[in-house]
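Below: target.cif (mmCIF, C-alpha atoms and all ligand atoms)
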```cif
data_run
loop_
_atom_site.label_atom_id
_atom_site.label_comp_id
_atom_site.auth_asym_id
_atom_site.auth_seq_id
_atom_site.Cartn_x
_atom_site.Cartn_y
_atom_site.Cartn_z
CA MET A 271 25.32 3.55 -10.72
CA VAL A 272 24.83 0.03 -12.05
CA LEU A 273 21.24 -1.21 -11.83
CA SER A 274 19.62 -4.31 -13.25
CA GLN A 275 18.01 -3.69 -16.65
CA LEU A 276 15.04 -5.78 -15.60
CA ALA A 277 14.53 -4.00 -12.27
CA LYS A 278 14.79 -0.63 -14.02
CA SER A 279 12.05 -1.66 -16.44
CA ILE A 280 9.55 -2.45 -13.64
CA ALA A 281 7.03 0.32 -13.04
CA GLU A 282 6.08 1.44 -9.54
CA SER A 283 2.64 0.20 -8.47
CA PRO A 284 0.45 3.10 -9.65
CA THR A 285 -2.20 2.43 -7.01
CA LEU A 286 0.32 2.60 -4.17
CA LYS A 287 2.00 5.62 -5.76
CA LEU A 288 -1.30 7.51 -5.82
CA ASN A 289 -2.02 6.47 -2.21
CA GLU A 290 1.28 8.05 -1.24
CA GLU A 291 0.66 11.23 -3.25
CA ALA A 292 -2.73 11.58 -1.57
CA ARG A 293 -1.17 11.03 1.86
CA LEU A 294 1.42 13.75 1.23
CA LEU A 295 -1.24 16.21 0.07
CA ARG A 296 -3.33 15.44 3.17
CA GLU A 297 -0.25 15.96 5.33
CA LYS A 298 -0.01 19.45 3.84
CA GLY A 299 -3.58 20.06 4.99
CA GLU A 300 -5.31 19.59 1.62
CA ALA A 301 -8.86 18.14 1.77
CA VAL A 302 -8.19 15.25 -0.60
CA ILE A 303 -11.05 12.91 -1.52
CA HIS A 304 -9.70 9.41 -2.01
CA LEU A 305 -11.54 7.51 -4.73
CA GLY A 306 -8.34 5.59 -5.47
CA ALA A 307 -7.96 3.39 -2.45
CA GLY A 308 -8.37 -0.36 -2.63
CA GLU A 309 -9.28 -0.53 1.04
CA PRO A 310 -12.38 0.12 3.12
CA LYS A 311 -12.58 2.35 6.19
CA ASN A 312 -13.62 -0.43 8.63
CA LYS A 313 -11.61 -1.51 11.65
CA ALA A 314 -10.15 -5.04 11.66
CA PRO A 315 -12.53 -7.66 13.12
CA ILE A 316 -12.16 -7.96 16.89
CA SER A 317 -11.29 -11.66 16.55
CA ALA A 318 -8.26 -10.68 14.44
CA ILE A 319 -7.10 -8.13 16.99
CA LEU A 320 -7.56 -10.58 19.86
CA GLY A 321 -5.70 -13.27 17.90
CA ALA A 322 -2.68 -11.02 17.42
CA ALA A 323 -2.84 -9.68 20.99
CA ALA A 324 -2.96 -13.18 22.49
CA LYS A 325 0.12 -14.16 20.52
CA LEU A 326 1.93 -10.96 21.44
CA ASN A 327 1.18 -11.57 25.13
CA THR A 328 3.01 -14.89 25.04
CA GLY A 329 6.19 -12.95 24.25
CA GLU A 330 7.23 -15.80 21.95
CA ILE A 331 7.52 -13.99 18.67
CA LYS A 332 9.58 -16.39 16.59
CA TYR A 333 9.90 -17.76 13.08
CA THR A 334 7.02 -19.94 11.96
CA PRO A 335 7.10 -22.75 9.40
CA THR A 336 7.76 -21.14 5.99
CA ASP A 337 4.36 -22.13 4.61
CA GLY A 338 2.43 -20.84 7.64
CA ILE A 339 1.40 -21.80 11.19
CA PRO A 340 -0.42 -25.18 11.12
CA SER A 341 -3.49 -23.76 12.92
CA LEU A 342 -3.81 -20.93 10.35
CA LYS A 343 -3.47 -23.45 7.54
CA LYS A 344 -6.21 -25.49 9.21
CA ALA A 345 -8.47 -22.42 9.18
CA ILE A 346 -7.67 -21.88 5.47
CA ILE A 347 -8.47 -25.53 4.75
CA ARG A 348 -11.83 -25.13 6.47
CA TYR A 349 -12.49 -21.92 4.53
CA THR A 350 -11.73 -23.78 1.29
CA GLU A 351 -14.10 -26.59 2.21
CA GLU A 352 -16.89 -24.21 3.19
CA ASN A 353 -16.56 -21.83 0.26
CA TYR A 354 -15.31 -24.08 -2.54
CA ASP A 355 -16.52 -27.49 -1.47
CA ARG A 356 -12.94 -28.74 -1.89
CA ILE A 357 -11.02 -30.88 0.55
CA VAL A 358 -7.35 -29.98 0.53
CA ALA A 359 -4.42 -31.07 2.68
CA PRO A 360 -1.95 -28.85 4.59
CA GLU A 361 0.58 -29.68 1.85
CA ASN A 362 -1.67 -27.87 -0.66
CA VAL A 363 -1.61 -24.56 1.24
CA ILE A 364 1.04 -21.86 1.52
CA VAL A 365 0.63 -18.59 3.41
CA SER A 366 2.45 -15.51 2.07
CA ALA A 367 2.77 -11.78 2.68
CA GLY A 368 -0.50 -10.87 1.00
CA ALA A 369 -2.15 -12.30 -2.09
CA LYS A 370 0.35 -10.16 -3.93
CA GLN A 371 3.27 -12.31 -2.82
CA SER A 372 1.20 -15.44 -3.45
CA VAL A 373 0.69 -14.46 -7.12
CA TYR A 374 4.36 -13.54 -7.53
CA ASN A 375 5.49 -16.74 -5.84
CA ILE A 376 3.28 -18.86 -8.14
CA LEU A 377 4.64 -17.09 -11.22
CA TYR A 378 8.22 -17.45 -10.00
CA SER A 379 7.63 -21.17 -9.48
CA ILE A 380 6.03 -22.01 -12.86
CA ILE A 381 7.55 -19.61 -15.41
CA ASN A 382 10.70 -20.23 -17.44
CA PRO A 383 12.27 -17.33 -19.37
CA GLN A 384 10.11 -16.40 -22.37
CA ASP A 385 7.09 -18.38 -21.16
CA GLU A 386 3.86 -16.50 -21.74
CA VAL A 387 1.12 -15.66 -19.25
CA ILE A 388 -2.27 -14.53 -20.53
CA ILE A 389 -3.76 -11.56 -18.70
CA LEU A 390 -7.34 -10.45 -19.29
CA ALA A 391 -7.91 -6.70 -19.69
CA PRO A 392 -9.00 -4.81 -17.75
CA PHE A 393 -6.44 -6.31 -15.36
CA TRP A 394 -5.04 -5.55 -11.93
CA VAL A 395 -1.98 -3.32 -12.27
CA SER A 396 0.57 -5.72 -10.80
CA TYR A 397 0.05 -8.76 -13.06
CA PRO A 398 2.07 -7.65 -16.12
CA GLU A 399 4.95 -6.34 -14.00
CA MET A 400 5.06 -9.54 -11.94
CA VAL A 401 5.21 -11.65 -15.11
CA LYS A 402 8.10 -9.51 -16.37
CA MET A 403 9.84 -9.85 -12.99
CA VAL A 404 10.14 -13.61 -13.53
CA TYR A 405 11.41 -13.17 -17.12
CA GLY A 406 8.04 -14.17 -18.55
CA VAL A 407 6.06 -12.43 -21.27
CA PRO A 408 2.63 -10.95 -20.43
CA VAL A 409 0.11 -11.49 -23.24
CA ILE A 410 -2.82 -9.13 -22.84
CA VAL A 411 -6.24 -10.15 -24.15
CA THR A 412 -8.65 -7.23 -24.50
CA PRO A 413 -12.34 -7.73 -25.36
CA GLU A 414 -12.88 -6.34 -28.88
CA ASP A 415 -16.45 -5.31 -28.19
CA GLY A 416 -15.40 -2.70 -25.61
CA SER A 417 -16.99 -4.73 -22.80
CA PHE A 418 -15.20 -5.98 -19.69
CA TYR A 419 -16.04 -9.62 -20.45
CA PRO A 420 -13.34 -11.83 -22.00
CA ARG A 421 -14.34 -14.22 -24.79
CA MET A 422 -13.03 -17.76 -25.04
CA GLU A 423 -12.23 -17.37 -28.75
CA ASP A 424 -9.93 -14.42 -27.96
CA VAL A 425 -8.19 -16.40 -25.23
CA MET A 426 -7.70 -19.34 -27.59
CA LYS A 427 -6.23 -17.04 -30.26
CA ALA A 428 -3.71 -15.74 -27.71
CA VAL A 429 -2.51 -19.22 -26.67
CA SER A 430 0.84 -20.35 -28.11
CA SER A 431 3.24 -23.20 -27.38
CA TYR A 432 4.82 -20.88 -24.78
CA THR A 433 1.62 -20.27 -22.81
CA ARG A 434 2.05 -21.52 -19.24
CA ALA A 435 -0.73 -19.79 -17.36
CA ILE A 436 -3.69 -17.44 -17.46
CA ILE A 437 -4.56 -15.14 -14.56
CA VAL A 438 -8.27 -14.72 -13.87
CA ASN A 439 -9.63 -12.13 -11.44
CA SER A 440 -13.40 -12.32 -11.09
CA PRO A 441 -14.96 -10.29 -9.43
CA ASN A 442 -12.59 -8.07 -11.31
CA ASN A 443 -10.37 -5.27 -10.16
CA PRO A 444 -10.81 -2.69 -11.74
CA SER A 445 -14.14 -3.22 -13.57
CA GLY A 446 -16.12 -4.90 -10.77
CA VAL A 447 -17.69 -7.40 -13.19
CA VAL A 448 -18.10 -11.10 -12.45
CA TYR A 449 -17.27 -13.32 -15.43
CA PRO A 450 -20.07 -15.63 -16.58
CA GLU A 451 -20.13 -19.20 -15.36
CA SER A 452 -19.93 -20.45 -18.96
CA PHE A 453 -16.64 -18.63 -19.51
CA ILE A 454 -15.03 -20.04 -16.34
CA ALA A 455 -16.29 -23.55 -17.16
CA GLU A 456 -14.96 -23.47 -20.74
CA LEU A 457 -11.68 -21.88 -19.69
CA VAL A 458 -10.94 -24.52 -17.06
CA GLU A 459 -11.76 -27.36 -19.44
CA TYR A 460 -9.67 -25.86 -22.25
CA CYS A 461 -6.66 -25.02 -20.05
CA GLU A 462 -6.59 -28.44 -18.43
CA LYS A 463 -6.48 -30.03 -21.87
CA LYS A 464 -3.70 -27.68 -22.97
CA ASP A 465 -1.61 -28.03 -19.79
CA ILE A 466 -2.07 -24.35 -18.90
CA TYR A 467 -2.41 -23.21 -15.27
CA VAL A 468 -5.51 -21.20 -14.38
CA ILE A 469 -4.48 -18.82 -11.59
CA MET A 470 -7.74 -17.71 -9.96
CA ASP A 471 -7.16 -14.51 -8.02
CA ASP A 472 -10.25 -14.84 -5.82
CA ILE A 473 -9.47 -11.99 -3.48
CA TYR A 474 -12.92 -10.38 -3.98
CA HIS A 475 -14.91 -13.62 -4.38
CA LYS A 476 -17.29 -13.03 -1.44
CA LEU A 477 -17.80 -9.33 -2.13
CA VAL A 478 -20.53 -9.77 -4.74
CA PHE A 479 -23.81 -7.83 -4.96
CA ASP A 480 -27.45 -8.21 -6.01
CA GLY A 481 -27.67 -11.80 -4.73
CA LYS A 482 -25.15 -13.01 -7.31
CA THR A 483 -22.16 -15.27 -6.66
CA ALA A 484 -18.78 -15.59 -8.36
CA PRO A 485 -18.48 -18.99 -10.09
CA PRO A 486 -15.58 -20.88 -8.44
CA ALA A 487 -13.19 -22.49 -10.95
CA TYR A 488 -12.89 -25.67 -8.85
CA LYS A 489 -16.50 -26.51 -9.69
CA TYR A 490 -15.58 -27.01 -13.36
CA THR A 491 -12.66 -29.38 -13.02
CA LYS A 492 -13.20 -33.09 -12.62
CA LYS A 493 -9.61 -33.48 -11.45
CA ASP A 494 -8.49 -33.71 -7.85
CA ILE A 495 -6.31 -31.09 -6.19
CA GLU A 496 -3.08 -32.90 -7.18
CA SER A 497 -3.83 -32.98 -10.89
CA THR A 498 -6.01 -29.93 -11.51
CA HIS A 499 -4.46 -26.91 -13.26
CA VAL A 500 -6.58 -24.59 -11.11
CA ILE A 501 -4.64 -22.61 -8.51
CA VAL A 502 -6.61 -20.43 -6.08
CA VAL A 503 -5.26 -17.27 -4.46
CA ASN A 504 -7.03 -15.54 -1.61
CA GLY A 505 -6.33 -13.52 1.52
CA VAL A 506 -7.66 -11.43 4.37
CA SER A 507 -6.97 -7.99 2.82
CA LYS A 508 -10.22 -7.52 0.93
CA LEU A 509 -12.40 -10.06 2.72
CA TYR A 510 -12.08 -8.41 6.14
CA GLY A 511 -10.61 -5.04 5.11
CA MET A 512 -7.33 -6.20 6.70
CA THR A 513 -5.03 -4.75 4.04
CA GLY A 514 -2.22 -3.80 6.42
CA PHE A 515 -1.93 -7.30 7.88
CA ARG A 516 -0.36 -8.62 4.70
CA ILE A 517 -1.65 -12.18 4.80
CA GLY A 518 -2.64 -14.09 1.68
CA TRP A 519 -2.45 -17.69 0.58
CA ALA A 520 -2.36 -20.02 -2.40
CA ILE A 521 -3.92 -23.46 -2.82
CA ALA A 522 -2.26 -25.71 -5.39
CA ASN A 523 -0.90 -29.19 -5.97
CA ARG A 524 1.67 -30.24 -3.38
CA LYS A 525 4.62 -30.30 -5.80
CA LEU A 526 4.03 -26.66 -6.70
CA VAL A 527 3.46 -25.70 -3.04
CA GLU A 528 6.74 -27.42 -2.16
CA VAL A 529 8.62 -25.38 -4.77
CA MET A 530 6.87 -22.17 -3.67
CA THR A 531 7.80 -22.96 -0.07
CA ASN A 532 11.47 -23.42 -0.99
CA VAL A 533 11.42 -20.10 -2.84
CA GLN A 534 9.72 -18.32 0.05
CA SER A 535 12.14 -19.85 2.55
CA GLN A 536 14.96 -18.06 0.75
CA ILE A 537 13.18 -14.72 0.55
CA THR A 538 11.03 -13.98 3.60
CA SER A 539 11.49 -17.17 5.71
CA CYS A 540 7.83 -16.86 6.68
CA THR A 541 5.22 -14.16 7.17
CA ALA A 542 5.10 -12.36 10.53
CA VAL A 543 3.75 -14.59 13.29
CA LEU A 544 1.54 -11.89 14.86
CA LEU A 545 -0.16 -11.23 11.56
CA GLN A 546 -0.70 -14.92 10.92
CA ALA A 547 -2.33 -15.11 14.37
CA ALA A 548 -4.57 -12.18 13.42
CA ALA A 549 -5.57 -13.87 10.13
CA GLU A 550 -6.39 -17.05 12.00
CA GLY A 551 -8.49 -15.00 14.41
CA ALA A 552 -10.39 -13.44 11.50
CA LEU A 553 -11.00 -16.76 9.76
CA THR A 554 -12.15 -18.58 12.88
CA GLY A 555 -14.12 -15.71 14.45
CA LEU A 556 -17.63 -14.48 13.73
CA GLN A 557 -18.02 -13.98 9.98
CA SER A 558 -20.59 -11.18 10.27
CA ALA A 559 -17.84 -8.63 9.44
CA VAL A 560 -17.71 -9.97 5.86
CA GLU A 561 -21.44 -9.56 5.31
CA THR A 562 -21.39 -6.10 6.89
CA LEU A 563 -18.57 -5.07 4.56
CA ARG A 564 -20.32 -6.62 1.54
CA MET A 565 -23.57 -4.77 2.30
CA THR A 566 -21.73 -1.48 2.83
CA LEU A 567 -19.97 -1.92 -0.50
CA GLU A 568 -23.22 -2.77 -2.29
CA ASN A 569 -24.87 0.34 -0.88
CA ASN A 570 -21.83 2.46 -1.79
CA ARG A 571 -21.87 1.00 -5.30
CA ASN A 572 -25.50 2.09 -5.64
CA VAL A 573 -24.65 5.62 -4.52
CA MET A 574 -21.65 5.79 -6.87
CA MET A 575 -23.78 4.66 -9.84
CA GLN A 576 -26.42 7.23 -9.00
CA GLU A 577 -23.86 10.03 -8.64
CA LEU A 578 -22.12 9.18 -11.90
CA LEU A 579 -25.39 9.76 -13.78
CA SER A 580 -24.80 13.47 -13.24
CA LEU A 581 -21.69 13.31 -15.45
CA LYS A 582 -23.24 13.58 -18.89
CA GLY A 583 -20.30 12.26 -20.90
CA VAL A 584 -19.56 9.23 -18.73
CA ARG A 585 -20.57 5.65 -19.51
CA THR A 586 -20.33 3.04 -16.75
CA THR A 587 -20.78 -0.69 -16.42
CA ARG A 588 -22.54 -1.49 -13.17
CA PRO A 589 -20.14 -3.51 -10.98
CA ASP A 590 -21.31 -6.91 -9.69
CA GLY A 591 -18.79 -6.81 -6.84
CA THR A 592 -15.38 -5.56 -5.52
CA TYR A 593 -14.57 -2.05 -4.33
CA TYR A 594 -14.37 -0.45 -7.78
CA CYS A 595 -16.03 0.74 -10.93
CA LEU A 596 -14.38 1.70 -14.21
CA PRO A 597 -16.26 4.51 -15.97
CA ASP A 598 -15.33 5.65 -19.47
CA PHE A 599 -14.21 9.30 -19.35
CA SER A 600 -12.92 9.48 -22.92
CA ALA A 601 -15.68 11.92 -23.91
CA TYR A 602 -14.03 14.42 -21.54
CA MET A 603 -10.36 13.48 -21.92
CA LYS A 604 -8.71 10.57 -23.73
CA ASP A 605 -5.45 10.60 -21.76
CA SER A 606 -6.36 8.98 -18.43
CA VAL A 607 -2.99 9.72 -16.80
CA ALA A 608 -3.37 13.43 -17.61
CA LEU A 609 -6.96 13.34 -16.34
CA SER A 610 -5.99 11.60 -13.09
CA ASN A 611 -3.22 14.19 -12.62
CA LEU A 612 -5.57 17.08 -13.25
CA LEU A 613 -8.13 15.72 -10.80
CA LEU A 614 -5.53 15.14 -8.10
CA LYS A 615 -3.62 18.42 -8.39
CA ARG A 616 -6.48 20.78 -9.22
CA ALA A 617 -9.65 19.19 -7.81
CA LEU A 618 -7.99 17.21 -4.99
CA VAL A 619 -9.63 13.92 -6.00
CA VAL A 620 -7.72 10.66 -6.32
CA ALA A 621 -8.77 8.43 -9.25
CA VAL A 622 -6.54 5.77 -10.82
CA PRO A 623 -5.88 6.13 -14.59
CA GLY A 624 -7.51 3.38 -16.65
CA LYS A 625 -4.30 3.10 -18.68
CA GLU A 626 -2.69 1.29 -15.73
CA PHE A 627 -5.34 -1.44 -16.04
CA GLY A 628 -5.04 -1.67 -19.83
CA MET A 629 -8.04 0.65 -20.42
CA GLU A 630 -7.00 4.07 -21.71
CA GLY A 631 -9.73 6.69 -21.50
CA TYR A 632 -11.19 5.20 -18.31
CA LEU A 633 -10.74 6.01 -14.60
CA ARG A 634 -10.99 3.52 -11.76
CA LEU A 635 -13.08 4.94 -8.94
CA SER A 636 -13.21 3.19 -5.59
CA TYR A 637 -16.44 3.21 -3.59
CA ALA A 638 -14.80 1.55 -0.58
CA GLY A 639 -14.71 4.86 1.34
CA SER A 640 -17.61 6.81 2.83
CA ILE A 641 -20.82 7.92 1.09
CA LYS A 642 -19.76 11.50 1.80
CA ASP A 643 -16.48 10.94 -0.07
CA ILE A 644 -18.27 9.34 -3.01
CA LYS A 645 -20.74 12.23 -3.33
CA GLU A 646 -18.19 14.96 -2.85
CA GLY A 647 -15.62 13.21 -5.06
CA VAL A 648 -18.01 12.92 -8.00
CA GLU A 649 -19.22 16.48 -7.40
CA ARG A 650 -15.64 17.73 -7.71
CA ILE A 651 -15.01 15.65 -10.84
CA LYS A 652 -18.15 17.19 -12.32
CA TRP A 653 -16.88 20.65 -11.43
CA ALA A 654 -13.55 19.88 -13.09
CA LEU A 655 -15.04 18.55 -16.33
CA GLU A 656 -18.45 20.06 -17.00
CA PRO A 657 -18.17 23.51 -18.66
CA THR A 658 -21.56 24.46 -17.21
CA ALA A 659 -20.34 24.02 -13.59
CA PRO A 660 -19.35 27.18 -11.63
CA LYS A 661 -15.83 28.46 -12.37
CA ASP A 662 -14.67 28.18 -8.78
CA ILE A 663 -15.66 26.28 -5.65
CA TYR A 664 -14.78 26.50 -1.98
CA ILE A 665 -13.60 23.58 0.12
CA GLY A 666 -13.81 25.12 3.55
CA GLU A 667 -11.66 28.25 3.26
CA ARG A 668 -9.79 26.91 0.24
CA LYS A 669 -10.83 28.27 -3.15
CA LEU A 670 -10.35 26.03 -6.18
CA VAL A 671 -10.31 27.92 -9.48
CA ARG A 672 -11.04 26.18 -12.75
CA ASP A 673 -8.86 27.79 -15.41
CA TRP A 674 -8.53 24.88 -17.84
CA LEU A 675 -11.99 24.88 -19.45
N1 LIG B 1 -5.20 -9.22 -6.38
C1 LIG B 1 -6.01 -8.18 -6.63
C2 LIG B 1 -6.95 -8.27 -7.78
C3 LIG B 1 -5.95 -7.04 -5.84
O1 LIG B 1 -6.78 -6.01 -6.10
C4 LIG B 1 -5.03 -6.97 -4.81
C5 LIG B 1 -4.87 -5.70 -4.04
N2 LIG B 1 -5.05 -5.83 -2.73
C6 LIG B 1 -4.22 -8.10 -4.57
C7 LIG B 1 -4.33 -9.20 -5.37
C8 LIG B 1 -3.22 -8.14 -3.47
O2 LIG B 1 -3.81 -8.20 -2.22
P1 LIG B 1 -2.99 -8.35 -0.88
O3 LIG B 1 -3.26 -7.11 -0.10
O4 LIG B 1 -3.52 -9.58 -0.22
O5 LIG B 1 -1.56 -8.49 -1.25
N1 LIG B 2 -5.19 -3.89 -4.70
C1 LIG B 2 -5.38 -2.55 -4.25
C2 LIG B 2 -5.68 -1.66 -5.43
O1 LIG B 2 -5.78 -2.14 -6.54
C3 LIG B 2 -4.26 -2.08 -3.36
C4 LIG B 2 -3.03 -1.49 -3.99
C5 LIG B 2 -2.07 -2.49 -4.53
O2 LIG B 2 -1.81 -3.50 -3.88
O3 LIG B 2 -1.58 -2.22 -5.64
O4 LIG B 2 -5.87 -0.48 -5.25
#
```
Give the structure from the file, written as structure tokens.
Amino acid sequence: MVLSQLAKSIAESPTLKLNEEARLLREKGEAVIHLGAGEPKNKAPISAILGAAAKLNTGEIKYTPTDGIPSLKKAIIRYTEENYDRIVAPENVIVSAGAKQSVYNILYSIINPQDEVIILAPFWVSYPEMVKMVYGVPVIVTPEDGSFYPRMEDVMKAVSSYTRAIIVNSPNNPSGVVYPESFIAELVEYCEKKDIYVIMDDIYHKLVFDGKTAPPAYKYTKKDIESTHVIVVNGVSKLYGMTGFRIGWAIANRKLVEVMTNVQSQITSCTAVLLQAAAEGALTGLQSAVETLRMTLENNRNVMMQELLSLKGVRTTRPDGTYYCLPDFSAYMKDSVALSNLLLKRALVVAVPGKEFGMEGYLRLSYAGSIKDIKEGVERIKWALEPTAPKDIYIGERKLVRDWL
């Protein structure tokens, strides 16, 4: 069978793959604890459900403009004004099937073959593959000091005449850290001088803990929306726990949005009208759901940090936000894929290998689920890795036997 060399070289999303493996195990009746999922357990906000239902009731389920329904774009414009203090026009906004498609669409629209895109490790799993999918070259910058904080000097060293963009995700998936204001400020200034796009993946920007905030890149550019190199990506998936609705958006200069719209018109025509109506409902409804989710996550983060203390060999950076933390498990096992496999198959716990985020030896643990899952998940990891733990445990009737230590 003839397949494209490029398509063959693209890895499956490891997070989605693990979600599916966990689902299949659960279907078989296994009591899997999911510390892999990038989604909370909440229900969608009622305003989102009512928005979709009202549209459905009209019976007019048709194509929408490629770049999104005008009233949804209006809600996004208001969100941008309220959260970023930036006035943008409808021509600066394009709605896509999740922030995922927004990032891909941006890359497709700015990258020529062999152009380079800087990605800061630890990074979200899809960035390098997306860059490759548009014939670009991902250039990974990893902090030398073993921290999760990128340094400007390392970014500058990685820049070449081929550098077209840098992707910044702060609060960061998978580490949960928020990059310092000074880094964002310097980066924006430097990139604007060098004609490099700064793609801010802001999907977790309101899910920040301990009274902190994530510095918005727009604050550090003196340029207006038509000339700034800052592009902002956001969406309803993480903000409202509306992952299945698949609505995200990008804010950029109108020339770029026009090109992205042309591209999207040839691929998906537009995103589903019902889901756009739901996103509009979420954005225009009561915003208390966001604060409730943020507080739940902060509390869950605290529990996760506390539980991880019981794993003697594990070092963890305390997350400032997101759904995740990225503890270092290398004292137990250096190969994170093997460790993730062992935990899934033998201890029935889902944890994403750090290797997929550019951090071998680490595991990404999600605290977006329930407190019970966090406690039981860490307990099972401890059982799997600590030689002093009992040799076997019971999960209901099911006996798990540890025969690898
Ligand atoms: N960026 C990051 C950093 C993510 O973690 C995710 C995963 N949801 C996305 C983008 C894509 O989100 P969406 O569901 O809106 O496609
Ligand atoms: N972003 C989520 C995660 O990192 C969802 C999965 C995905 O889109 O890859 O787990």
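Distances from A:Glu361, A:Glu386, A:Glu297, A:Glu626 to ligand LIG 2 (chain B) were compared using only C-alpha atoms and all ligand atoms, and the smallest one belongs to A:Glu626.
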Please extract the residues at most 8 Å from ligand LIG 2 (chain B), counting only C-alpha atoms and all ligand atoms, and provide them as an mmCIF file with C-alpha atoms, keeping the file's coordinate frame, using the chain letters and residue numbers of this document.
```cif
data_model
loop_
_atom_site.group_PDB
_atom_site.id
_atom_site.type_symbol
_atom_site.label_atom_id
_atom_site.label_comp_id
_atom_site.auth_asym_id
_atom_site.auth_seq_id
_atom_site.Cartn_x
_atom_site.Cartn_y
_atom_site.Cartn_z
ATOM 1 C CA SER A 283 2.640 0.200 -8.470
ATOM 2 C CA PRO A 284 0.450 3.100 -9.650
ATOM 3 C CA THR A 285 -2.200 2.430 -7.010
ATOM 4 C CA LEU A 286 0.320 2.600 -4.170
ATOM 5 C CA GLY A 306 -8.340 5.590 -5.470
ATOM 6 C CA ALA A 307 -7.960 3.390 -2.450
ATOM 7 C CA GLY A 308 -8.370 -0.360 -2.630
ATOM 8 C CA GLU A 309 -9.280 -0.530 1.040
ATOM 9 C CA LYS A 370 0.350 -10.160 -3.930
ATOM 10 C CA TRP A 394 -5.040 -5.550 -11.930
ATOM 11 C CA VAL A 395 -1.980 -3.320 -12.270
ATOM 12 C CA SER A 396 0.570 -5.720 -10.800
ATOM 13 C CA ASN A 443 -10.370 -5.270 -10.160
ATOM 14 C CA PRO A 444 -10.810 -2.690 -11.740
ATOM 15 C CA THR A 513 -5.030 -4.750 4.040
#
```
Inset, instruction - Give me the residues within 9 Å of segment 517-533 of chain A as a PyMOL selection string, counting all atoms listed in the file and dropping any in the same chain fewer than 5 places off. - result: chain A and resi 336-337+346+350+358-373+375-376+378-380+473+495-507+512+538-539+541-542+545-546+549
Legend entry - Pick from A:Met403, A:Ala654, A:Met629, A:Ala323, whichever lies nearest to Gly416 of chain A using all atoms listed in the file: A:Met629
Inset, instruction - Would you mind reading off the distance between atom CA of Lys332 of chain A and atom C5 of ligand LIG 1 (chain B), one decimal, in Å? - result: 27.4 Å
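Within a radius of 9 Å around (-3.2, -27.1, -23.2), the polymer residues are Val429, Ser431, Thr433, Arg434, Tyr460, Cys461, Glu462, Lys463, Lys464, Asp465, Ile466 and Tyr467 of chain A, counting only C-alpha atoms.
Computed from the coordinates, the atom CA of Lys615 of chain A to atom CA of Leu675 of chain A distance equals 15.3 Å.
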